[in-house]
Amino acid sequence: MHVLGRIGFMGLGIALAGCLSGAPVFAMDKPIEDGSKIMITSPKNGDKVSDSFELKYELTKGSQAAHAHVYVDNEYQKGFQGMFKGLSRGTHQITVTGATKDHALVAASQTITIEVQ
């Protein structure tokens, strides 16, 4: 019984590590196909921008999408309000992904690459 307890504890640790890293751990972490669509309208892919700029996108909500999540270089921008301020110089990837009211991701997503000068 002691060995089973250790195996369960290790499994929990692996799942927790995956959650903290943002990696999907279970099959149910797959994005939900709900018919939503996302289009980043500004800046455009490949644009050169200053260190502060506005991100504009259109979310066409499907059956479950309620809002969008924004990521810069795969890091979630919690509480993002539409403006980037003081982004470091260089090339960055910006991703906008649809999410449900419970923050589960839907399949609608678009990624662009910009260069901050």
# chains A, B, ... in the order shown; residues from 1 in each chain; ligands from 1
$ closest_atom_pairs --of "region 50-73 of chain A" --to "region 101-115 of chain A" --cutoff "8 Å" --atoms "only C-alpha atoms" --output "CSV"
residue,atom,partner,partner_atom,distance
A:Gln64,CA,A:Val106,CA,7.8
A:Ala65,CA,A:Val106,CA,6.7
A:Ala66,CA,A:Lys101,CA,5.3
A:His67,CA,A:Lys101,CA,7.2
$ write_last_selection --atoms "C-alpha atoms" --output "PDB file, in the first residue's frame"
ATOM      1  CA  GLN A  64     -18.439  28.627 -25.742  1.00  0.00           C
ATOM      2  CA  ALA A  65     -15.930  31.482 -26.159  1.00  0.00           C
ATOM      3  CA  ALA A  66     -16.428  34.409 -23.788  1.00  0.00           C
ATOM      4  CA  HIS A  67     -13.182  36.384 -24.091  1.00  0.00           C
TER       5      HIS A  67
END
$ select_by_dssp --residues "region 57-90 of chain A" --states "strand (DSSP E or B)" --output "list in words"
Tyr57, Glu58, Leu59, Thr60, His67, Ala68, His69, Val70, Tyr71, Val72, Glu75, Tyr76, Met83, Phe84 and Gly90 of chain A
$ residues_around --residues "region 53-57 of chain A" --least-positions-apart "4" --cutoff "10 Å" --atoms "only C-alpha atoms" --output "VMD selection string"
chain A and resid 38 to 44 49 68 70 80 to 87 94 96 110 116
$ write_last_selection --atoms "N, CA and C atoms" --output "PDB file, in the first residue's frame"
ATOM      1  N   ILE A  38     -10.547  34.079 -34.379  1.00  0.00           N
ATOM      2  CA  ILE A  38      -9.794  35.248 -33.901  1.00  0.00           C
ATOM      3  C   ILE A  38      -8.975  35.790 -35.055  1.00  0.00           C
ATOM      4  N   MET A  39      -8.971  37.126 -35.187  1.00  0.00           N
ATOM      5  CA  MET A  39      -8.132  37.772 -36.190  1.00  0.00           C
ATOM      6  C   MET A  39      -7.457  38.979 -35.542  1.00  0.00           C
ATOM      7  N   ILE A  40      -6.124  38.970 -35.524  1.00  0.00           N
ATOM      8  CA  ILE A  40      -5.370  40.124 -35.035  1.00  0.00           C
ATOM      9  C   ILE A  40      -5.354  41.138 -36.169  1.00  0.00           C
ATOM     10  N   THR A  41      -5.863  42.340 -35.898  1.00  0.00           N
ATOM     11  CA  THR A  41      -5.968  43.363 -36.939  1.00  0.00           C
ATOM     12  C   THR A  41      -4.835  44.386 -36.881  1.00  0.00           C
ATOM     13  N   SER A  42      -4.210  44.547 -35.710  1.00  0.00           N
ATOM     14  CA  SER A  42      -3.104  45.489 -35.585  1.00  0.00           C
ATOM     15  C   SER A  42      -2.301  45.158 -34.333  1.00  0.00           C
ATOM     16  N   PRO A  43      -0.992  45.086 -34.466  1.00  0.00           N
ATOM     17  CA  PRO A  43      -0.181  45.245 -35.662  1.00  0.00           C
ATOM     18  C   PRO A  43      -0.305  44.017 -36.568  1.00  0.00           C
ATOM     19  N   LYS A  44       0.224  44.138 -37.749  1.00  0.00           N
ATOM     20  CA  LYS A  44       0.217  43.028 -38.704  1.00  0.00           C
ATOM     21  C   LYS A  44       1.458  42.158 -38.499  1.00  0.00           C
ATOM     22  N   VAL A  49       7.463  47.862 -34.586  1.00  0.00           N
ATOM     23  CA  VAL A  49       6.686  48.712 -33.687  1.00  0.00           C
ATOM     24  C   VAL A  49       7.607  49.341 -32.648  1.00  0.00           C
ATOM     25  N   ALA A  68     -10.839  36.585 -24.716  1.00  0.00           N
ATOM     26  CA  ALA A  68      -9.574  36.119 -25.292  1.00  0.00           C
ATOM     27  C   ALA A  68      -8.451  36.239 -24.272  1.00  0.00           C
ATOM     28  N   VAL A  70      -4.220  36.752 -24.088  1.00  0.00           N
ATOM     29  CA  VAL A  70      -3.103  37.262 -24.885  1.00  0.00           C
ATOM     30  C   VAL A  70      -1.800  36.735 -24.285  1.00  0.00           C
ATOM     31  N   PHE A  80      -4.514  41.708 -19.296  1.00  0.00           N
ATOM     32  CA  PHE A  80      -4.131  42.553 -20.441  1.00  0.00           C
ATOM     33  C   PHE A  80      -5.291  43.471 -20.825  1.00  0.00           C
ATOM     34  N   GLN A  81      -4.976  44.767 -20.990  1.00  0.00           N
ATOM     35  CA  GLN A  81      -5.989  45.781 -21.276  1.00  0.00           C
ATOM     36  C   GLN A  81      -5.902  46.371 -22.681  1.00  0.00           C
ATOM     37  N   GLY A  82      -5.101  45.779 -23.559  1.00  0.00           N
ATOM     38  CA  GLY A  82      -5.055  46.243 -24.944  1.00  0.00           C
ATOM     39  C   GLY A  82      -3.803  46.990 -25.349  1.00  0.00           C
ATOM     40  N   MET A  83      -2.993  47.434 -24.373  1.00  0.00           N
ATOM     41  CA  MET A  83      -1.765  48.172 -24.673  1.00  0.00           C
ATOM     42  C   MET A  83      -0.559  47.428 -24.121  1.00  0.00           C
ATOM     43  N   PHE A  84       0.475  47.357 -24.952  1.00  0.00           N
ATOM     44  CA  PHE A  84       1.779  46.894 -24.479  1.00  0.00           C
ATOM     45  C   PHE A  84       2.582  48.141 -24.173  1.00  0.00           C
ATOM     46  N   LYS A  85       3.254  48.137 -23.040  1.00  0.00           N
ATOM     47  CA  LYS A  85       4.080  49.277 -22.647  1.00  0.00           C
ATOM     48  C   LYS A  85       5.446  48.766 -22.213  1.00  0.00           C
ATOM     49  N   GLY A  86       6.488  49.305 -22.849  1.00  0.00           N
ATOM     50  CA  GLY A  86       7.841  48.957 -22.447  1.00  0.00           C
ATOM     51  C   GLY A  86       8.276  47.561 -22.832  1.00  0.00           C
ATOM     52  N   LEU A  87       7.749  47.030 -23.927  1.00  0.00           N
ATOM     53  CA  LEU A  87       8.172  45.708 -24.401  1.00  0.00           C
ATOM     54  C   LEU A  87       9.632  45.789 -24.839  1.00  0.00           C
ATOM     55  N   ILE A  94       3.301  37.268 -30.590  1.00  0.00           N
ATOM     56  CA  ILE A  94       2.074  37.612 -29.868  1.00  0.00           C
ATOM     57  C   ILE A  94       0.999  36.639 -30.321  1.00  0.00           C
ATOM     58  N   VAL A  96      -3.097  35.452 -29.639  1.00  0.00           N
ATOM     59  CA  VAL A  96      -4.403  35.708 -29.041  1.00  0.00           C
ATOM     60  C   VAL A  96      -5.220  34.432 -29.218  1.00  0.00           C
ATOM     61  N   GLN A 110      -4.628  33.012 -33.079  1.00  0.00           N
ATOM     62  CA  GLN A 110      -3.772  33.557 -34.130  1.00  0.00           C
ATOM     63  C   GLN A 110      -2.491  34.051 -33.484  1.00  0.00           C
ATOM     64  N   VAL A 116      10.198  44.829 -32.095  1.00  0.00           N
ATOM     65  CA  VAL A 116      10.202  46.060 -31.325  1.00  0.00           C
ATOM     66  C   VAL A 116      11.528  46.763 -31.561  1.00  0.00           C
TER      67      VAL A 116
END
$ select_by_dssp --residues "region 13-97 of chain A" --states "helix (DSSP H, G or I)" --output "PDB file with N, CA and C atoms, in the first residue's frame"
ATOM      1  N   GLY A  13       2.420  15.203  -8.395  1.00  0.00           N
ATOM      2  CA  GLY A  13       3.531  16.142  -8.586  1.00  0.00           C
ATOM      3  C   GLY A  13       3.771  16.442 -10.052  1.00  0.00           C
ATOM      4  N   ILE A  14       3.706  15.433 -10.899  1.00  0.00           N
ATOM      5  CA  ILE A  14       3.893  15.626 -12.344  1.00  0.00           C
ATOM      6  C   ILE A  14       2.779  16.497 -12.902  1.00  0.00           C
ATOM      7  N   ALA A  15       1.543  16.239 -12.500  1.00  0.00           N
ATOM      8  CA  ALA A  15       0.418  17.042 -12.968  1.00  0.00           C
ATOM      9  C   ALA A  15       0.560  18.488 -12.517  1.00  0.00           C
ATOM     10  N   LEU A  16       0.976  18.707 -11.269  1.00  0.00           N
ATOM     11  CA  LEU A  16       1.162  20.058 -10.756  1.00  0.00           C
ATOM     12  C   LEU A  16       2.268  20.780 -11.517  1.00  0.00           C
ATOM     13  N   ALA A  17       3.369  20.098 -11.766  1.00  0.00           N
ATOM     14  CA  ALA A  17       4.466  20.707 -12.523  1.00  0.00           C
ATOM     15  C   ALA A  17       3.998  21.099 -13.917  1.00  0.00           C
ATOM     16  N   GLY A  18       3.206  20.266 -14.554  1.00  0.00           N
ATOM     17  CA  GLY A  18       2.686  20.582 -15.878  1.00  0.00           C
ATOM     18  C   GLY A  18       1.766  21.783 -15.847  1.00  0.00           C
ATOM     19  N   CYS A  19       0.919  21.862 -14.822  1.00  0.00           N
ATOM     20  CA  CYS A  19       0.007  23.007 -14.699  1.00  0.00           C
ATOM     21  C   CYS A  19       0.770  24.297 -14.494  1.00  0.00           C
ATOM     22  N   LEU A  20       1.789  24.263 -13.647  1.00  0.00           N
ATOM     23  CA  LEU A  20       2.564  25.472 -13.373  1.00  0.00           C
ATOM     24  C   LEU A  20       3.356  25.921 -14.588  1.00  0.00           C
ATOM     25  N   SER A  21       3.753  24.991 -15.447  1.00  0.00           N
ATOM     26  CA  SER A  21       4.514  25.362 -16.636  1.00  0.00           C
ATOM     27  C   SER A  21       3.606  25.775 -17.784  1.00  0.00           C
ATOM     28  N   ALA A  27      -5.770  14.924 -21.348  1.00  0.00           N
ATOM     29  CA  ALA A  27      -6.404  15.040 -22.664  1.00  0.00           C
ATOM     30  C   ALA A  27      -7.458  16.135 -22.682  1.00  0.00           C
ATOM     31  N   MET A  28      -8.121  16.385 -21.554  1.00  0.00           N
ATOM     32  CA  MET A  28      -9.171  17.398 -21.543  1.00  0.00           C
ATOM     33  C   MET A  28      -8.608  18.817 -21.619  1.00  0.00           C
ATOM     34  N   ASP A  29      -7.296  18.970 -21.602  1.00  0.00           N
ATOM     35  CA  ASP A  29      -6.676  20.275 -21.747  1.00  0.00           C
ATOM     36  C   ASP A  29      -6.582  20.715 -23.204  1.00  0.00           C
TER      37      ASP A  29
END
$ residues_around --residues "Lys37 (chain A)" --least-positions-apart "6" --cutoff "7 Å" --atoms "only C-alpha atoms" --output "PyMOL selection string"
chain A and resi 59-61+108
